[in-house]
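In what follows, a structure is listed as C-alpha cells, so that the remarks can point back to it.
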Amino acid sequence: MTFTKLALLSLSGLLLSSCAFIFHESESAADTVDFGSTGREVPPGLTPSGPLRCQGNDEFRVVGLYITGDGPGVLAQENCDLWIENSVIDVRGVALRVDGNGDVILSGSKLYGTDAAFVINGNGDLRTSGSTFEGRREIVGNGELHDDGGNIFNN
C-alpha cells in the first residue's frame, strides 16, 4: 500500500497555501470493516477507510478505498479539488457531500448512501464517469452534475 501526503505550507504562522495529496493503492483486502460500517464486506482489492474530508484549498487523489461509517463518507468543501477512482463509498447517511466551490471528479466508483448518494450545495461540481449511485441525488444552488457517461443512477 502506498500513502503520500504533502503537508501544509506556512510562513510565520500565516497559512500561504495548502496542498494535500493522498494516493492509496491496495495490495491486499481486509475481510470486514469494524469502524461503523454498513455491515457489508470490503470489496476485494480495496483498502478500508473511514470518512474523508477535503477542505480549503486541499487537493486529494484517492484510489482503491472502501470508505464506510456514518455519513458523509466524503465531504468536499470550500475550494477543495478531489479525485476519487476505483473506490466504494458505503455509508449510513450521505455518501458524498460537495459544498461551496468544491470540485469532485469520480470515476469507476460506487456510492451507496442511506440518505443520499450525493448532495451538491452552493457552486460545487461533480464530474462522474463509469460509476454507480445508490440513493437519492440532490443539487442545491448553482452546483452541477456532469455526467460523462457509463454511470448508473438508482434510487
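How things are named: the first chain in the C-alpha cells is A, the next is B, and so on; residues count from 1 in each chain; ligands count from 1 in the order shown.
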Considering only C-alpha atoms, return as a PDB file with N, CA and C atoms, in the first residue's frame whatever protein or nucleic-acid residues lie within 7 Å of segment 81-93 of chain A, sequence-local ones (same chain, fewer than 6 positions apart) excluded.
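Saved to selection.pdb:
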ATOM      1  N   SER A  37     -19.248   0.344  10.011  1.00  0.00           N
ATOM      2  CA  SER A  37     -19.591   0.034   8.633  1.00  0.00           C
ATOM      3  C   SER A  37     -21.078  -0.245   8.484  1.00  0.00           C
ATOM      4  N   THR A  38     -21.496  -0.366   7.258  1.00  0.00           N
ATOM      5  CA  THR A  38     -22.882  -0.702   6.956  1.00  0.00           C
ATOM      6  C   THR A  38     -23.093  -2.208   6.982  1.00  0.00           C
ATOM      7  N   ASP A  58      -7.332  22.282  -0.354  1.00  0.00           N
ATOM      8  CA  ASP A  58      -6.757  20.941  -0.427  1.00  0.00           C
ATOM      9  C   ASP A  58      -6.948  20.335  -1.815  1.00  0.00           C
ATOM     10  N   GLU A  59      -6.017  19.481  -2.181  1.00  0.00           N
ATOM     11  CA  GLU A  59      -6.131  18.661  -3.381  1.00  0.00           C
ATOM     12  C   GLU A  59      -5.843  17.230  -2.961  1.00  0.00           C
ATOM     13  N   PHE A  60      -6.802  16.337  -3.183  1.00  0.00           N
ATOM     14  CA  PHE A  60      -6.650  14.934  -2.831  1.00  0.00           C
ATOM     15  C   PHE A  60      -6.887  14.072  -4.056  1.00  0.00           C
ATOM     16  N   ARG A  61      -6.156  12.971  -4.134  1.00  0.00           N
ATOM     17  CA  ARG A  61      -6.415  11.937  -5.146  1.00  0.00           C
ATOM     18  C   ARG A  61      -6.514  10.632  -4.368  1.00  0.00           C
ATOM     19  N   VAL A  62      -7.654   9.956  -4.498  1.00  0.00           N
ATOM     20  CA  VAL A  62      -7.917   8.734  -3.752  1.00  0.00           C
ATOM     21  C   VAL A  62      -8.178   7.614  -4.739  1.00  0.00           C
ATOM     22  N   VAL A  63      -7.460   6.506  -4.570  1.00  0.00           N
ATOM     23  CA  VAL A  63      -7.611   5.359  -5.453  1.00  0.00           C
ATOM     24  C   VAL A  63      -7.744   4.100  -4.600  1.00  0.00           C
ATOM     25  N   GLY A  64      -8.785   3.309  -4.865  1.00  0.00           N
ATOM     26  CA  GLY A  64      -8.905   1.991  -4.250  1.00  0.00           C
ATOM     27  C   GLY A  64      -9.260   1.969  -2.785  1.00  0.00           C
ATOM     28  N   LEU A  65     -10.144   2.875  -2.333  1.00  0.00           N
ATOM     29  CA  LEU A  65     -10.577   2.863  -0.940  1.00  0.00           C
ATOM     30  C   LEU A  65     -12.000   2.345  -0.803  1.00  0.00           C
ATOM     31  N   TYR A  66     -12.278   1.748   0.352  1.00  0.00           N
ATOM     32  CA  TYR A  66     -13.641   1.411   0.757  1.00  0.00           C
ATOM     33  C   TYR A  66     -13.942   2.326   1.936  1.00  0.00           C
ATOM     34  N   ILE A  67     -14.694   3.385   1.698  1.00  0.00           N
ATOM     35  CA  ILE A  67     -14.986   4.385   2.722  1.00  0.00           C
ATOM     36  C   ILE A  67     -16.334   4.042   3.330  1.00  0.00           C
ATOM     37  N   THR A  68     -16.369   3.911   4.654  1.00  0.00           N
ATOM     38  CA  THR A  68     -17.589   3.495   5.328  1.00  0.00           C
ATOM     39  C   THR A  68     -17.735   4.213   6.660  1.00  0.00           C
ATOM     40  N   GLY A  69     -18.863   4.018   7.305  1.00  0.00           N
ATOM     41  CA  GLY A  69     -19.157   4.634   8.594  1.00  0.00           C
ATOM     42  C   GLY A  69     -20.413   5.462   8.499  1.00  0.00           C
ATOM     43  N   ASP A  70     -20.497   6.466   9.367  1.00  0.00           N
ATOM     44  CA  ASP A  70     -21.620   7.398   9.327  1.00  0.00           C
ATOM     45  C   ASP A  70     -21.276   8.527   8.373  1.00  0.00           C
ATOM     46  N   GLY A  71     -22.273   8.942   7.576  1.00  0.00           N
ATOM     47  CA  GLY A  71     -22.042   9.955   6.553  1.00  0.00           C
ATOM     48  C   GLY A  71     -21.865  11.346   7.107  1.00  0.00           C
ATOM     49  N   PRO A  72     -21.344  12.267   6.300  1.00  0.00           N
ATOM     50  CA  PRO A  72     -20.942  11.985   4.927  1.00  0.00           C
ATOM     51  C   PRO A  72     -19.659  11.156   4.864  1.00  0.00           C
ATOM     52  N   GLY A  73     -19.642  10.231   3.914  1.00  0.00           N
ATOM     53  CA  GLY A  73     -18.450   9.417   3.705  1.00  0.00           C
ATOM     54  C   GLY A  73     -17.316  10.253   3.157  1.00  0.00           C
ATOM     55  N   GLY A 102     -16.382  23.352  -3.993  1.00  0.00           N
ATOM     56  CA  GLY A 102     -15.703  22.071  -4.120  1.00  0.00           C
ATOM     57  C   GLY A 102     -15.905  21.451  -5.487  1.00  0.00           C
ATOM     58  N   ASP A 103     -14.860  20.822  -6.004  1.00  0.00           N
ATOM     59  CA  ASP A 103     -14.911  20.116  -7.283  1.00  0.00           C
ATOM     60  C   ASP A 103     -14.486  18.670  -7.053  1.00  0.00           C
ATOM     61  N   VAL A 104     -15.346  17.737  -7.481  1.00  0.00           N
ATOM     62  CA  VAL A 104     -15.054  16.321  -7.318  1.00  0.00           C
ATOM     63  C   VAL A 104     -15.127  15.648  -8.677  1.00  0.00           C
ATOM     64  N   ILE A 105     -14.103  14.841  -8.982  1.00  0.00           N
ATOM     65  CA  ILE A 105     -14.094  14.015 -10.178  1.00  0.00           C
ATOM     66  C   ILE A 105     -14.122  12.569  -9.697  1.00  0.00           C
ATOM     67  N   LEU A 106     -15.131  11.833 -10.141  1.00  0.00           N
ATOM     68  CA  LEU A 106     -15.368  10.470  -9.681  1.00  0.00           C
ATOM     69  C   LEU A 106     -15.364   9.539 -10.887  1.00  0.00           C
ATOM     70  N   SER A 107     -14.557   8.474 -10.834  1.00  0.00           N
ATOM     71  CA  SER A 107     -14.553   7.525 -11.948  1.00  0.00           C
ATOM     72  C   SER A 107     -14.439   6.099 -11.428  1.00  0.00           C
ATOM     73  N   GLY A 108     -15.186   5.213 -12.072  1.00  0.00           N
ATOM     74  CA  GLY A 108     -15.119   3.792 -11.754  1.00  0.00           C
ATOM     75  C   GLY A 108     -15.421   3.463 -10.314  1.00  0.00           C
ATOM     76  N   SER A 109     -16.313   4.216  -9.671  1.00  0.00           N
ATOM     77  CA  SER A 109     -16.575   4.047  -8.250  1.00  0.00           C
ATOM     78  C   SER A 109     -18.051   3.749  -7.994  1.00  0.00           C
ATOM     79  N   LYS A 110     -18.363   3.373  -6.752  1.00  0.00           N
ATOM     80  CA  LYS A 110     -19.733   3.108  -6.339  1.00  0.00           C
ATOM     81  C   LYS A 110     -20.030   3.915  -5.089  1.00  0.00           C
ATOM     82  N   LEU A 111     -21.182   4.602  -5.088  1.00  0.00           N
ATOM     83  CA  LEU A 111     -21.624   5.382  -3.936  1.00  0.00           C
ATOM     84  C   LEU A 111     -22.948   4.837  -3.439  1.00  0.00           C
ATOM     85  N   TYR A 112     -22.976   4.434  -2.160  1.00  0.00           N
ATOM     86  CA  TYR A 112     -24.185   3.959  -1.509  1.00  0.00           C
ATOM     87  C   TYR A 112     -24.416   4.838  -0.281  1.00  0.00           C
ATOM     88  N   GLY A 113     -25.563   5.505  -0.221  1.00  0.00           N
ATOM     89  CA  GLY A 113     -25.900   6.313   0.942  1.00  0.00           C
ATOM     90  C   GLY A 113     -27.329   6.040   1.365  1.00  0.00           C
ATOM     91  N   THR A 114     -27.554   5.771   2.662  1.00  0.00           N
ATOM     92  CA  THR A 114     -28.908   5.509   3.114  1.00  0.00           C
ATOM     93  C   THR A 114     -29.784   6.755   2.995  1.00  0.00           C
ATOM     94  N   ASP A 115     -29.190   7.956   3.141  1.00  0.00           N
ATOM     95  CA  ASP A 115     -29.943   9.212   2.980  1.00  0.00           C
ATOM     96  C   ASP A 115     -29.816   9.758   1.558  1.00  0.00           C
ATOM     97  N   ALA A 116     -28.623   9.684   0.983  1.00  0.00           N
ATOM     98  CA  ALA A 116     -28.406  10.190  -0.379  1.00  0.00           C
ATOM     99  C   ALA A 116     -27.084   9.655  -0.909  1.00  0.00           C
TER     100      ALA A 116
END
Exercise for the section: Report as an MDAnalysis selection string: the residues of segment 33-136 of chain A with a DSSP assignment of strand (DSSP E or B), based on the backbone of this structure. Expected result: chainID A and resid 47:49 52:54 59:63 65:70 74:76 81:85 88:92 94:98 103:107 110:113 116:120 125:129 132:134
Practice task
State, in Å with one decimal place, the distance from atom CA of Glu41 of chain A to atom CA of Arg137 of chain A.
Solution key: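 Separation of atom CA of Glu41 of chain A and atom CA of Arg137 of chain A: 24.5 Å.
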Can you pull out the residues contacting segment 140-147 of chain A? Cut-off 6 Å, using only C-alpha atoms, and skip same-chain residues under 2 positions away; I want them as a short mmCIF file (atom, residue, chain, number, x, y, z; two decimals) with C-alpha atoms, in the first residue's frame.
data_model
loop_
_atom_site.label_atom_id
_atom_site.label_comp_id
_atom_site.auth_asym_id
_atom_site.auth_seq_id
_atom_site.Cartn_x
_atom_site.Cartn_y
_atom_site.Cartn_z
CA ILE A 120 -24.17 19.19 -4.07
CA ASN A 121 -24.56 22.61 -2.39
CA GLY A 122 -23.59 26.11 -3.47
CA ASN A 123 -21.32 26.19 -6.52
CA GLY A 124 -19.94 22.68 -6.12
CA ASP A 125 -19.38 20.43 -9.13
CA LEU A 126 -19.38 16.66 -9.50
CA ARG A 127 -17.96 15.17 -12.72
CA THR A 128 -18.51 11.44 -12.98
CA GLY A 149 -21.15 8.57 -19.46
#
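Straight-line separation from atom CA of Val42 of chain A to atom CA of Asp99 of chain A: 27.8 Å.
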